[in-house]
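A.B. asks: Coordinates in work-v8.cif, mmCIF, C-alpha atoms and all ligand atoms, are listed below.
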```
data_data
#
loop_
_atom_site.label_atom_id
_atom_site.label_comp_id
_atom_site.auth_asym_id
_atom_site.auth_seq_id
_atom_site.Cartn_x
_atom_site.Cartn_y
_atom_site.Cartn_z
CA MET A 197 0.00 0.00 0.00
CA THR A 198 1.07 3.59 -0.56
CA THR A 199 1.29 5.75 2.53
CA ALA A 200 0.39 9.41 2.33
CA PRO A 201 3.05 11.46 4.11
CA GLY A 202 2.30 12.80 7.55
CA THR A 203 -0.72 10.61 8.25
CA ALA A 204 -1.20 8.12 11.03
CA ALA A 205 -3.93 5.71 12.08
CA PRO A 206 -6.36 7.64 14.29
CA ALA A 207 -7.23 6.01 17.59
CA ALA A 208 -10.78 5.93 16.21
CA SER A 209 -10.08 2.71 14.27
CA ALA A 210 -9.57 0.70 17.46
CA ASP A 211 -12.91 2.04 18.60
CA THR A 212 -14.50 1.01 15.28
CA PHE A 213 -13.32 -2.60 15.64
CA ASP A 214 -14.56 -2.67 19.21
CA LEU A 215 -18.01 -1.43 18.13
CA ILE A 216 -18.15 -3.93 15.27
CA ARG A 217 -17.18 -6.73 17.66
CA ARG A 218 -19.81 -5.75 20.21
CA HIS A 219 -22.73 -4.72 18.01
CA LEU A 220 -22.26 -6.32 14.57
CA SER A 221 -20.10 -9.45 14.60
CA PRO A 222 -16.79 -10.48 16.22
CA ARG A 223 -15.87 -12.32 13.02
CA LEU A 224 -16.43 -9.18 10.92
CA ALA A 225 -14.15 -7.27 13.27
CA LEU A 226 -11.49 -9.94 12.87
CA THR A 227 -11.57 -10.17 9.06
CA GLY A 228 -11.75 -6.37 8.70
CA SER A 229 -8.80 -5.96 11.02
CA PHE A 230 -6.76 -8.55 9.09
CA ALA A 231 -7.55 -6.96 5.75
CA GLY A 232 -6.70 -3.42 6.89
CA ARG A 233 -3.88 -4.44 9.24
CA GLY A 234 -5.66 -2.57 11.99
CA ALA A 235 -6.85 0.34 9.84
CA THR A 236 -10.39 0.98 8.55
CA GLU A 237 -11.66 2.34 5.24
CA VAL A 238 -12.10 6.11 5.18
CA SER A 239 -12.62 7.41 1.66
CA GLY A 240 -12.61 6.31 -1.95
CA ASP A 241 -11.77 7.88 -5.27
CA GLY A 242 -11.90 5.99 -8.57
CA CYS A 243 -10.35 2.58 -8.10
CA ARG A 244 -8.52 3.54 -4.90
CA VAL A 245 -9.57 3.65 -1.28
CA THR A 246 -7.77 5.45 1.55
CA LEU A 247 -7.41 3.83 4.95
CA SER A 248 -7.42 5.39 8.40
CA ASP A 249 -3.62 5.10 8.65
CA GLY A 250 -3.14 7.04 5.41
CA ARG A 251 -2.32 4.10 3.17
CA THR A 252 -4.19 3.65 -0.09
CA ALA A 253 -5.27 0.41 -1.78
CA LEU A 254 -6.33 -0.53 -5.28
CA ASP A 255 -9.92 -1.74 -5.11
CA PHE A 256 -10.42 -4.72 -7.44
CA GLY A 257 -13.05 -6.19 -5.13
CA SER A 258 -16.08 -4.55 -3.49
CA TYR A 259 -18.08 -7.62 -4.55
CA ALA A 260 -18.55 -6.18 -8.05
CA VAL A 261 -20.35 -2.99 -6.99
CA THR A 262 -17.69 -0.46 -7.96
CA LEU A 263 -17.65 -1.03 -11.72
CA LEU A 264 -17.36 2.77 -12.02
CA GLY A 265 -14.98 2.99 -9.10
CA HIS A 266 -15.76 5.05 -6.03
CA ARG A 267 -17.55 8.42 -6.23
CA HIS A 268 -17.89 8.64 -9.99
CA PRO A 269 -18.30 12.41 -10.53
CA ASP A 270 -21.31 12.21 -12.90
CA VAL A 271 -23.17 9.84 -10.62
CA LEU A 272 -22.39 12.00 -7.59
CA ALA A 273 -23.66 15.11 -9.41
CA ALA A 274 -26.94 13.41 -10.36
CA VAL A 275 -27.52 12.13 -6.82
CA ARG A 276 -26.60 15.50 -5.29
CA GLU A 277 -29.08 17.27 -7.54
CA GLN A 278 -31.84 14.90 -6.43
CA LEU A 279 -30.78 15.37 -2.81
CA GLY A 280 -31.44 19.08 -3.27
CA THR A 281 -34.96 18.60 -4.66
CA LEU A 282 -36.89 15.51 -3.51
CA PRO A 283 -34.67 12.76 -2.05
CA THR A 284 -37.56 10.58 -0.93
CA SER A 285 -40.90 9.79 -2.52
CA THR A 286 -44.38 10.40 -1.10
CA ARG A 287 -45.37 7.12 -2.78
CA SER A 288 -48.81 8.71 -3.28
CA LEU A 289 -47.80 11.09 -6.05
CA ALA A 290 -46.24 9.94 -9.32
CA ASN A 291 -42.45 10.16 -9.34
CA PRO A 292 -40.81 11.29 -12.60
CA VAL A 293 -37.30 10.18 -11.58
CA ALA A 294 -38.33 6.53 -11.19
CA ALA A 295 -40.38 6.69 -14.41
CA HIS A 296 -37.45 8.03 -16.44
CA ALA A 297 -35.04 5.53 -14.87
CA ALA A 298 -37.35 2.64 -15.84
CA ALA A 299 -37.64 3.93 -19.41
CA ARG A 300 -33.88 4.37 -19.60
CA LEU A 301 -33.24 0.82 -18.42
CA ALA A 302 -35.71 -0.66 -20.92
CA GLU A 303 -34.08 1.39 -23.66
CA TYR A 304 -30.61 0.24 -22.48
CA PHE A 305 -31.69 -3.32 -23.28
CA GLN A 306 -33.06 -2.16 -26.65
CA GLN A 307 -36.68 -2.67 -25.55
CA ALA A 308 -36.16 -6.45 -25.63
CA LEU A 309 -37.78 -6.46 -22.19
CA PRO A 310 -40.08 -3.48 -21.59
CA LYS A 311 -41.12 -3.82 -17.93
CA VAL A 312 -39.13 -2.80 -14.86
CA TYR A 313 -39.36 -3.34 -11.11
CA PHE A 314 -36.85 -1.54 -8.91
CA GLY A 315 -35.41 -2.96 -5.69
CA LEU A 316 -32.38 -2.01 -3.63
CA ASN A 317 -30.43 -5.26 -3.20
CA GLY A 318 -29.94 -8.02 -5.75
CA ALA A 319 -32.04 -10.41 -3.68
CA ASP A 320 -35.01 -8.01 -4.06
CA ALA A 321 -34.88 -8.51 -7.84
CA VAL A 322 -34.53 -12.29 -7.49
CA GLU A 323 -37.48 -12.46 -5.11
CA VAL A 324 -39.84 -10.45 -7.28
CA ALA A 325 -38.85 -12.39 -10.42
CA VAL A 326 -39.63 -15.72 -8.77
CA LYS A 327 -42.82 -14.42 -7.19
CA LEU A 328 -44.10 -13.08 -10.53
CA ALA A 329 -43.21 -16.33 -12.31
CA ARG A 330 -45.19 -18.26 -9.73
CA MET A 331 -48.16 -15.89 -9.92
CA ALA A 332 -48.15 -15.70 -13.73
CA THR A 333 -47.97 -19.49 -14.21
CA GLY A 334 -49.84 -20.71 -11.14
CA ARG A 335 -46.93 -23.15 -10.64
CA THR A 336 -44.69 -23.42 -7.61
CA ARG A 337 -41.43 -25.07 -8.66
CA VAL A 338 -38.23 -23.24 -9.68
CA VAL A 339 -35.14 -24.67 -11.37
CA ALA A 340 -31.82 -23.15 -10.34
CA VAL A 341 -28.26 -24.19 -11.13
CA GLU A 342 -25.60 -25.90 -9.03
CA GLY A 343 -22.96 -23.38 -8.04
CA GLY A 344 -25.39 -20.46 -8.48
CA PHE A 345 -25.65 -17.56 -6.04
CA HIS A 346 -28.79 -15.41 -5.90
CA GLY A 347 -28.72 -13.77 -2.46
CA LYS A 348 -29.42 -14.63 1.14
CA SER A 349 -32.96 -13.43 1.95
CA LEU A 350 -35.15 -16.51 2.49
CA GLY A 351 -36.70 -16.67 -0.98
CA ALA A 352 -33.47 -15.91 -2.84
CA LEU A 353 -31.55 -18.27 -0.55
CA ALA A 354 -33.65 -21.17 -1.76
CA LEU A 355 -32.07 -20.64 -5.18
CA THR A 356 -28.53 -20.13 -3.89
CA HIS A 357 -26.74 -23.47 -4.08
CA SER A 358 -24.05 -23.34 -1.38
CA PRO A 359 -25.05 -25.45 1.67
CA LEU A 360 -22.98 -23.02 3.76
CA TYR A 361 -25.81 -20.50 3.69
CA ARG A 362 -28.78 -22.88 3.37
CA ARG A 363 -28.06 -25.13 6.34
CA GLY A 364 -31.12 -25.39 8.60
CA LEU A 365 -33.17 -23.14 6.33
CA LEU A 366 -34.29 -25.46 3.56
CA GLY A 367 -37.92 -25.89 2.66
CA THR A 368 -38.86 -22.46 3.94
CA ALA A 369 -40.24 -20.55 1.04
CA VAL A 370 -39.55 -21.70 -2.50
CA ASP A 371 -39.67 -25.19 -3.98
CA VAL A 372 -36.35 -25.35 -5.85
CA VAL A 373 -34.43 -28.04 -7.65
CA HIS A 374 -30.76 -27.44 -8.55
CA VAL A 375 -29.48 -28.90 -11.82
CA PRO A 376 -25.89 -29.41 -13.05
CA ALA A 377 -24.65 -26.48 -15.15
CA ASP A 378 -23.29 -28.70 -17.91
CA ASP A 379 -26.32 -30.91 -18.49
CA PRO A 380 -28.24 -29.83 -21.63
CA ASP A 381 -31.13 -32.21 -20.82
CA ALA A 382 -31.55 -31.05 -17.22
CA VAL A 383 -34.21 -28.42 -17.81
CA LEU A 384 -36.33 -30.62 -20.07
CA ARG A 385 -36.31 -33.33 -17.40
CA GLU A 386 -37.64 -30.87 -14.84
CA VAL A 387 -40.13 -28.84 -16.88
CA ARG A 388 -41.93 -31.52 -18.88
CA GLY A 389 -44.25 -32.33 -15.97
CA GLY A 390 -45.68 -28.80 -16.24
CA GLU A 391 -44.92 -27.81 -12.63
CA VAL A 392 -42.02 -25.42 -13.10
CA ALA A 393 -42.65 -21.67 -13.01
CA ALA A 394 -39.13 -20.50 -13.85
CA VAL A 395 -35.56 -21.47 -14.63
CA VAL A 396 -33.07 -19.07 -13.04
CA PHE A 397 -29.40 -18.99 -14.01
CA GLU A 398 -26.34 -16.75 -13.92
CA PRO A 399 -24.71 -16.78 -17.39
CA VAL A 400 -21.42 -16.26 -15.52
CA GLN A 401 -21.52 -17.50 -11.93
CA GLY A 402 -19.69 -14.86 -9.89
CA GLU A 403 -19.59 -16.37 -6.42
CA ASN A 404 -18.79 -19.75 -7.94
CA GLY A 405 -15.41 -18.42 -8.96
CA ALA A 406 -16.35 -16.75 -12.26
CA ALA A 407 -17.69 -19.93 -13.90
CA VAL A 408 -18.80 -19.22 -17.47
CA LEU A 409 -21.86 -21.32 -18.37
CA SER A 410 -22.09 -22.80 -21.87
CA VAL A 411 -24.25 -20.67 -24.17
CA ASP A 412 -25.26 -23.83 -26.07
CA VAL A 413 -26.57 -25.42 -22.87
CA LEU A 414 -28.38 -22.21 -21.91
CA ARG A 415 -29.93 -21.94 -25.38
CA ARG A 416 -31.28 -25.47 -25.07
CA TRP A 417 -32.60 -24.72 -21.57
CA CYS A 418 -34.40 -21.59 -22.81
CA ALA A 419 -35.99 -23.49 -25.70
CA ASP A 420 -37.12 -26.38 -23.48
CA ALA A 421 -38.49 -23.98 -20.87
CA ALA A 422 -40.39 -21.90 -23.44
CA ARG A 423 -41.95 -25.03 -24.97
CA HIS A 424 -43.35 -25.99 -21.55
CA GLY A 425 -44.62 -22.55 -20.50
CA THR A 426 -41.75 -21.95 -18.06
CA PHE A 427 -40.11 -18.51 -17.74
CA THR A 428 -36.32 -18.12 -18.04
CA ILE A 429 -34.59 -15.55 -15.84
CA ALA A 430 -30.97 -14.46 -16.34
CA ASP A 431 -29.50 -13.26 -13.05
CA GLU A 432 -26.89 -10.75 -14.24
CA ILE A 433 -26.61 -8.90 -10.97
CA GLN A 434 -22.90 -9.59 -11.01
CA CYS A 435 -21.99 -10.36 -14.63
CA GLY A 436 -24.19 -7.84 -16.49
CA LEU A 437 -23.83 -4.12 -17.25
CA ARG A 438 -20.52 -4.62 -19.12
CA ARG A 439 -18.75 -6.45 -16.27
CA CYS A 440 -18.30 -9.30 -18.77
CA GLY A 441 -18.21 -7.07 -21.83
CA GLU A 442 -21.90 -7.00 -22.75
CA ARG A 443 -24.85 -4.98 -21.49
CA SER A 444 -26.53 -8.33 -20.87
CA VAL A 445 -24.59 -11.55 -21.40
CA ALA A 446 -27.80 -13.48 -22.14
CA LEU A 447 -29.35 -10.97 -24.54
CA ALA A 448 -26.06 -10.45 -26.39
CA ALA A 449 -25.86 -14.22 -26.91
CA GLY A 450 -29.37 -14.13 -28.39
CA LEU A 451 -30.91 -16.13 -25.55
CA PRO A 452 -34.68 -15.56 -25.54
CA VAL A 453 -34.91 -14.96 -21.78
CA ASP A 454 -38.05 -13.53 -20.17
CA ALA A 455 -36.11 -11.45 -17.63
CA VAL A 456 -32.70 -10.00 -16.85
CA LEU A 457 -31.83 -9.08 -13.27
CA VAL A 458 -29.33 -6.29 -12.63
CA GLY A 459 -27.99 -4.70 -9.45
CA LYS A 460 -24.62 -3.94 -7.83
CA PRO A 461 -23.23 -1.20 -10.18
CA LEU A 462 -26.72 -0.08 -11.33
CA GLY A 463 -26.61 2.74 -8.76
CA GLY A 464 -23.20 3.79 -10.06
CA GLY A 465 -21.41 2.47 -6.98
CA VAL A 466 -22.92 5.38 -5.03
CA VAL A 467 -26.44 4.29 -4.04
CA PRO A 468 -28.16 0.89 -3.69
CA LEU A 469 -30.30 -0.10 -6.69
CA SER A 470 -31.38 -3.33 -8.39
CA ALA A 471 -33.95 -4.12 -11.05
CA LEU A 472 -35.96 -6.83 -12.69
CA VAL A 473 -36.28 -6.06 -16.41
CA CYS A 474 -38.80 -8.39 -18.01
CA SER A 475 -41.44 -9.28 -20.57
CA GLU A 476 -45.09 -8.19 -20.47
CA GLU A 477 -46.06 -11.82 -19.80
CA LEU A 478 -43.91 -12.23 -16.69
CA TYR A 479 -44.93 -8.79 -15.41
CA ALA A 480 -48.66 -9.41 -16.01
CA PRO A 481 -49.58 -9.86 -12.30
CA LEU A 482 -47.97 -6.50 -11.45
CA SER A 483 -49.53 -4.79 -14.45
CA ALA A 484 -52.89 -5.94 -13.10
CA ASP A 485 -52.15 -4.94 -9.50
CA PRO A 486 -48.97 -2.99 -8.62
CA PHE A 487 -49.57 -3.59 -4.91
CA LEU A 488 -49.05 -7.35 -5.24
CA HIS A 489 -45.38 -6.63 -4.70
CA SER A 490 -44.09 -3.31 -3.37
CA ALA A 491 -41.56 -2.02 -0.85
CA THR A 492 -41.27 1.32 0.93
CA PHE A 493 -37.99 2.24 -0.74
CA GLY A 494 -38.57 0.56 -4.13
CA GLY A 495 -37.84 3.07 -6.89
CA HIS A 496 -36.29 5.46 -4.39
CA PRO A 497 -35.59 8.82 -6.10
CA LEU A 498 -31.96 9.05 -4.90
CA SER A 499 -31.21 5.60 -6.33
CA CYS A 500 -33.15 6.15 -9.54
CA ALA A 501 -31.42 9.51 -10.08
CA ALA A 502 -28.11 7.65 -10.24
CA LEU A 503 -29.22 5.20 -12.95
CA PRO A 504 -29.05 7.35 -16.12
CA ALA A 505 -25.67 8.79 -15.11
CA ALA A 506 -24.38 5.30 -14.25
CA LEU A 507 -25.49 3.73 -17.54
CA THR A 508 -24.04 6.62 -19.56
CA ALA A 509 -20.72 6.34 -17.74
CA ILE A 510 -20.67 2.55 -18.17
CA GLU A 511 -21.27 2.88 -21.92
CA GLU A 512 -18.58 5.55 -22.27
CA ALA A 513 -16.07 3.22 -20.60
CA ALA A 514 -17.18 -0.02 -22.27
CA GLU A 515 -14.62 -0.03 -25.08
CA HIS A 516 -11.84 0.78 -22.62
CA GLY A 517 -13.12 -2.14 -20.51
CA GLY A 518 -12.51 -4.48 -23.45
CA ARG A 519 -8.88 -3.35 -23.62
CA LEU A 520 -8.50 -3.77 -19.85
CA ALA A 521 -9.81 -7.33 -20.14
CA LEU A 522 -7.16 -8.12 -22.75
CA ALA A 523 -4.45 -6.64 -20.52
CA LEU A 524 -5.78 -8.75 -17.67
CA ASP A 525 -5.61 -11.89 -19.86
CA ALA A 526 -1.93 -11.28 -20.48
CA VAL A 527 -0.94 -10.66 -16.84
CA LEU A 528 -2.99 -13.58 -15.52
CA ASP A 529 -1.41 -15.93 -18.05
CA GLN A 530 2.05 -14.76 -16.95
CA LEU A 531 1.19 -15.25 -13.27
CA ALA A 532 -0.22 -18.73 -13.93
CA SER A 533 2.91 -19.88 -15.74
CA LYS A 534 5.24 -18.35 -13.14
CA HIS A 535 3.35 -19.69 -10.09
CA GLY A 536 2.19 -23.04 -11.45
CA GLU A 537 2.87 -24.69 -8.08
CA LEU A 538 0.08 -22.63 -6.42
CA ILE A 539 -2.20 -21.57 -9.30
CA ALA A 540 -4.37 -24.44 -10.49
CA GLY A 541 -6.21 -22.50 -13.20
CA LEU A 542 -7.74 -19.28 -14.46
CA ARG A 543 -11.46 -18.64 -14.83
CA GLY A 544 -13.94 -16.05 -15.96
CA THR A 545 -14.26 -13.46 -18.67
CA GLY A 546 -14.12 -9.68 -19.15
CA LEU A 547 -13.58 -7.95 -15.83
CA LEU A 548 -14.88 -10.87 -13.75
CA ARG A 549 -11.94 -13.20 -13.22
CA GLY A 550 -11.03 -16.00 -10.88
CA ILE A 551 -7.64 -17.38 -9.94
CA ASP A 552 -7.99 -20.96 -8.77
CA PHE A 553 -5.43 -21.81 -6.10
CA THR A 554 -4.46 -25.31 -5.08
CA SER A 555 -6.51 -25.08 -1.86
CA PRO A 556 -8.83 -22.73 0.05
CA ALA A 557 -6.01 -22.23 2.60
CA VAL A 558 -3.67 -20.92 -0.10
CA ALA A 559 -6.41 -18.66 -1.51
CA GLY A 560 -7.18 -17.30 1.98
CA SER A 561 -3.54 -16.58 2.69
CA VAL A 562 -3.15 -14.80 -0.69
CA VAL A 563 -6.25 -12.62 -0.08
CA ILE A 564 -4.88 -11.42 3.28
CA GLU A 565 -1.41 -10.86 1.84
CA LEU A 566 -2.89 -8.90 -1.09
CA ALA A 567 -4.92 -6.63 1.18
CA GLY A 568 -1.87 -5.86 3.28
CA ALA A 569 0.13 -5.07 0.17
CA GLY A 570 -2.51 -2.74 -1.27
CA LEU A 571 -4.79 -4.81 -3.52
CA LEU A 572 -8.36 -5.49 -2.40
CA VAL A 573 -10.02 -8.50 -4.05
CA SER A 574 -13.16 -10.49 -3.26
CA PRO A 575 -13.12 -14.08 -2.04
CA CYS A 576 -15.71 -16.39 -3.64
CA LEU A 577 -18.59 -17.26 -1.31
CA GLY A 578 -19.30 -20.55 -3.07
CA ARG A 579 -15.75 -21.56 -4.04
CA PRO A 580 -13.23 -20.67 -1.36
CA GLY A 581 -10.21 -21.89 -3.35
CA THR A 582 -10.76 -19.16 -5.94
CA VAL A 583 -9.76 -15.50 -5.58
CA ARG A 584 -11.93 -13.12 -7.58
CA LEU A 585 -10.59 -10.05 -9.37
CA LEU A 586 -13.13 -7.36 -10.23
CA PRO A 587 -11.26 -4.41 -11.75
CA PRO A 588 -13.42 -1.32 -12.29
CA LEU A 589 -14.03 -0.06 -15.84
CA VAL A 590 -12.33 3.15 -14.74
CA SER A 591 -9.02 1.48 -13.94
CA THR A 592 -6.05 1.99 -16.25
CA GLY A 593 -3.45 -0.27 -17.84
CA ALA A 594 -1.06 1.01 -15.15
CA ASP A 595 -3.50 -0.10 -12.43
CA ILE A 596 -3.65 -3.59 -13.97
CA ALA A 597 0.17 -3.71 -14.08
CA GLU A 598 0.34 -2.56 -10.43
CA ALA A 599 -2.20 -5.24 -9.44
CA ALA A 600 -0.12 -7.85 -11.31
CA ASP A 601 3.02 -6.84 -9.38
CA ILE A 602 1.20 -7.07 -6.06
CA LEU A 603 -0.27 -10.47 -7.01
CA ASP A 604 3.14 -11.72 -8.06
CA THR A 605 4.71 -10.71 -4.73
CA ALA A 606 1.80 -11.98 -2.60
CA ILE A 607 1.72 -15.37 -4.34
CA GLY A 608 5.49 -15.59 -3.95
CA VAL A 609 5.16 -14.91 -0.21
CA ALA A 610 2.43 -17.58 0.09
CA ALA A 611 4.68 -20.06 -1.77
CA ARG A 612 7.67 -19.33 0.51
CA ARG A 613 5.45 -19.78 3.55
CA GLY A 614 4.45 -23.17 2.14
CA ALA A 615 0.79 -22.14 2.33
C1 LIG B 1 -25.61 -13.18 -9.26
C2 LIG B 1 -26.07 -12.60 -7.97
N1 LIG B 1 -27.39 -12.58 -7.71
C3 LIG B 1 -27.88 -12.06 -6.57
C4 LIG B 1 -27.03 -11.54 -5.61
C5 LIG B 1 -27.58 -10.98 -4.35
O1 LIG B 1 -27.38 -9.60 -4.32
P1 LIG B 1 -27.47 -8.81 -2.95
O2 LIG B 1 -26.34 -9.27 -2.09
O3 LIG B 1 -27.35 -7.37 -3.37
O4 LIG B 1 -28.81 -9.12 -2.37
C6 LIG B 1 -25.65 -11.54 -5.84
C7 LIG B 1 -24.72 -11.01 -4.84
O5 LIG B 1 -23.53 -11.22 -4.86
C8 LIG B 1 -25.16 -12.09 -7.05
O6 LIG B 1 -23.85 -12.13 -7.31
#
```
Could you quickly redo this structure as structure tokens?
Ligand SMILES: Cc1ncc(COP(=O)(O)O)c(C=O)c1O
C.D. replies:
Amino acid sequence: MTTAPGTAAPAASADTFDLIRRHLSPRLALTGSFAGRGATEVSGDGCRVTLSDGRTALDFGSYAVTLLGHRHPDVLAAVREQLGTLPTSTRSLANPVAAHAAARLAEYFQQALPKVYFGLNGADAVEVAVKLARMATGRTRVVAVEGGFHGKSLGALALTHSPLYRRGLLGTAVDVVHVPADDPDAVLREVRGGEVAAVVFEPVQGENGAAVLSVDVLRRWCADAARHGTFTIADEIQCGLRRCGERSVALAAGLPVDAVLVGKPLGGGVVPLSALVCSEELYAPLSADPFLHSATFGGHPLSCAALPAALTAIEEAAEHGGRLALALDAVLDQLASKHGELIAGLRGTGLLRGIDFTSPAVAGSVVIELAGAGLLVSPCLGRPGTVRLLPPLVSTGADIAEAADILDTAIGVAARRGA
């Protein structure tokens, strides 16, 4: 990490860890303290964050939220303007900011899917998609994919595959069957009985270590689902919005999905925002009665104000993102051939990449080493042996080179330690 001259860790950070330990979670205090070596996060600018002891770190993590980095100026300006007029909605009067944001999002996907429901977290979008599919079909069952991650609220959790988060909570809300990602016949087997409301998949599974699903398998799944009156829902909360190069991975591949879910960077990395973007047919229950599914802060003006600025900024940076992805290819290949004893493989696409280490212990030790050396990355919730790299679109070739140097050193340290 780089240290700004004349700065020191304020005593306040010890207090922060104590408060986290007492009121949030002892484990959070521990992992945060490891990652920051006793310092806390204080501010962010672009792809860098500054810590309470004055050091800065390159942020290639943030669980895929900061595609535009921290405090993108255009997003900040749009949110500030809304803050100065009407930051919250009466929810009795019509809100033009939410209306324009919905139109902009539908237009962003070239009107392939005209209807929009806004939530705040990704799980909100997953929940409403599944609920609408059940209401629109009158069926209860949902097909999800092994290795998939769709959130941790009870409904979304039913679709998430990892037993780590589902233990003791199964059978609560949604009737879900998980199918293997590489089985082209899997969806047909499940839907032909006429009981399945929806098939939900991530075209690129983020928390599963950036696993890219086969487009041919997905195409077959979509066709089989459509033939049996089952909706298909592409969860692109992590992989969409140019993270993997395309606005929507599924739509760009020509998959005839009924819905795309987006979140994370949709609020420009400044405010929380997620959305279900879907067909008239899937949305029919809400078209008939908008109160079938609503939430106090759904379509919140501050969040919706960020959307047009965020999408414009994402599109302006998209071509640059393609060049960054190529640069990343080159440095990851070099690292894999240099550290073959610890790196078992490379995964992912675009700016969603995974480095597979030989064991979860090695991956864990590399993540901690990286944070201490000034590179923040995200571990994979469903695949602990893989370290995820999520460079922002606003990073530069020099940032990628700096990240490669830090990775090289950190992996070398892990190797010397015999991790
Ligand atoms: C593909 C995918 N879907 C859904 C979610 C849940 O989003 P949130 O944590 O915002 O509820 C995530 C979060 O990582 C995700 O990656």
A.B. asks: Nearest to ligand LIG 1 (chain B) among A:Ala406, A:Val293, A:Ile607, A:Val453, with distances taken over all atoms listed in the file: which residue is it?
C.D. replies: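 Nearest candidate to ligand LIG 1 (chain B) out of A:Ala406, A:Val293, A:Ile607, A:Val453: A:Ala406.
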A.B. asks: Please, which residues in stretch 557-610 of chain A fall within 8 Å of stretch 242-254 of chain A when counting all atoms listed in the file, and what is the closest atom pair and distance in Å to one decimal for each, ordered by chain then residue number, as CSV?
C.D. replies:
```
residue,atom,partner,partner_atom,distance
A:Ala567,CA,A:Ala253,CA,7.6
A:Ala569,CA,A:Ala253,CA,7.9
A:Gly570,CA,A:Ala253,CA,4.2
A:Leu571,CA,A:Leu254,CA,4.9
A:Leu572,CA,A:Leu254,CA,6.1
A:Pro587,CA,A:Cys243,CA,7.9
A:Pro588,CA,A:Cys243,CA,6.5
A:Val590,CA,A:Gly242,CA,6.8
A:Ser591,CA,A:Cys243,CA,6.1
A:Asp595,CA,A:Leu254,CA,7.7
A:Ala599,CA,A:Leu254,CA,7.5
```
A.B. asks: Please identify all polymer residues within 10 Å of A:His374, counting only C-alpha atoms, omitting same-chain residues fewer than 4 positions from it, and present them as a PDB file with C-alpha atoms, in the frame of the given file.
C.D. replies:
```
ATOM      1  CA  VAL A 338     -38.230 -23.240  -9.680  1.00  0.00           C
ATOM      2  CA  VAL A 339     -35.140 -24.670 -11.370  1.00  0.00           C
ATOM      3  CA  ALA A 340     -31.820 -23.150 -10.340  1.00  0.00           C
ATOM      4  CA  VAL A 341     -28.260 -24.190 -11.130  1.00  0.00           C
ATOM      5  CA  GLU A 342     -25.600 -25.900  -9.030  1.00  0.00           C
ATOM      6  CA  GLY A 343     -22.960 -23.380  -8.040  1.00  0.00           C
ATOM      7  CA  GLY A 344     -25.390 -20.460  -8.480  1.00  0.00           C
ATOM      8  CA  ALA A 354     -33.650 -21.170  -1.760  1.00  0.00           C
ATOM      9  CA  LEU A 355     -32.070 -20.640  -5.180  1.00  0.00           C
ATOM     10  CA  THR A 356     -28.530 -20.130  -3.890  1.00  0.00           C
ATOM     11  CA  HIS A 357     -26.740 -23.470  -4.080  1.00  0.00           C
ATOM     12  CA  ALA A 382     -31.550 -31.050 -17.220  1.00  0.00           C
ATOM     13  CA  VAL A 383     -34.210 -28.420 -17.810  1.00  0.00           C
ATOM     14  CA  GLU A 386     -37.640 -30.870 -14.840  1.00  0.00           C
ATOM     15  CA  VAL A 395     -35.560 -21.470 -14.630  1.00  0.00           C
ATOM     16  CA  VAL A 396     -33.070 -19.070 -13.040  1.00  0.00           C
TER      17      VAL A 396
END
```
A.B. asks: All residues within 8 Å of ligand LIG 1 (chain B) are required, counting all atoms listed in the file; please report them as a list of chain:residue names.
C.D. replies: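 Protein and nucleic-acid residues within 8 Å of ligand LIG 1 (chain B): A:Tyr259, A:Ala260, A:Leu316, A:Asn317, A:Gly318, A:Ala319, A:Asp320, A:Ala321, A:Val322, A:Gly344, A:Phe345, A:His346, A:Gly347, A:Lys348, A:Ser349, A:Ala352, A:Glu398, A:Gln401, A:Gly402, A:Glu403, A:Asp431, A:Glu432, A:Ile433, A:Gln434, A:Cys435, A:Leu457, A:Gly459, A:Lys460, A:Ser470.
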A.B. asks: Looking at only C-alpha atoms, which of A:Ala513, A:Ala210, A:Leu585, A:Ala523 is the one that sits closest to A:Leu226?
C.D. replies: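 Closest to A:Leu226 of all the choices is A:Ala210.
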A.B. asks: Of the candidates A:Ile429, A:Ala597, A:Cys474, A:Ala449, which one gets nearest to A:Leu309 if we count only C-alpha atoms?
C.D. replies: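 Smallest separation from A:Leu309 among the options: A:Cys474.
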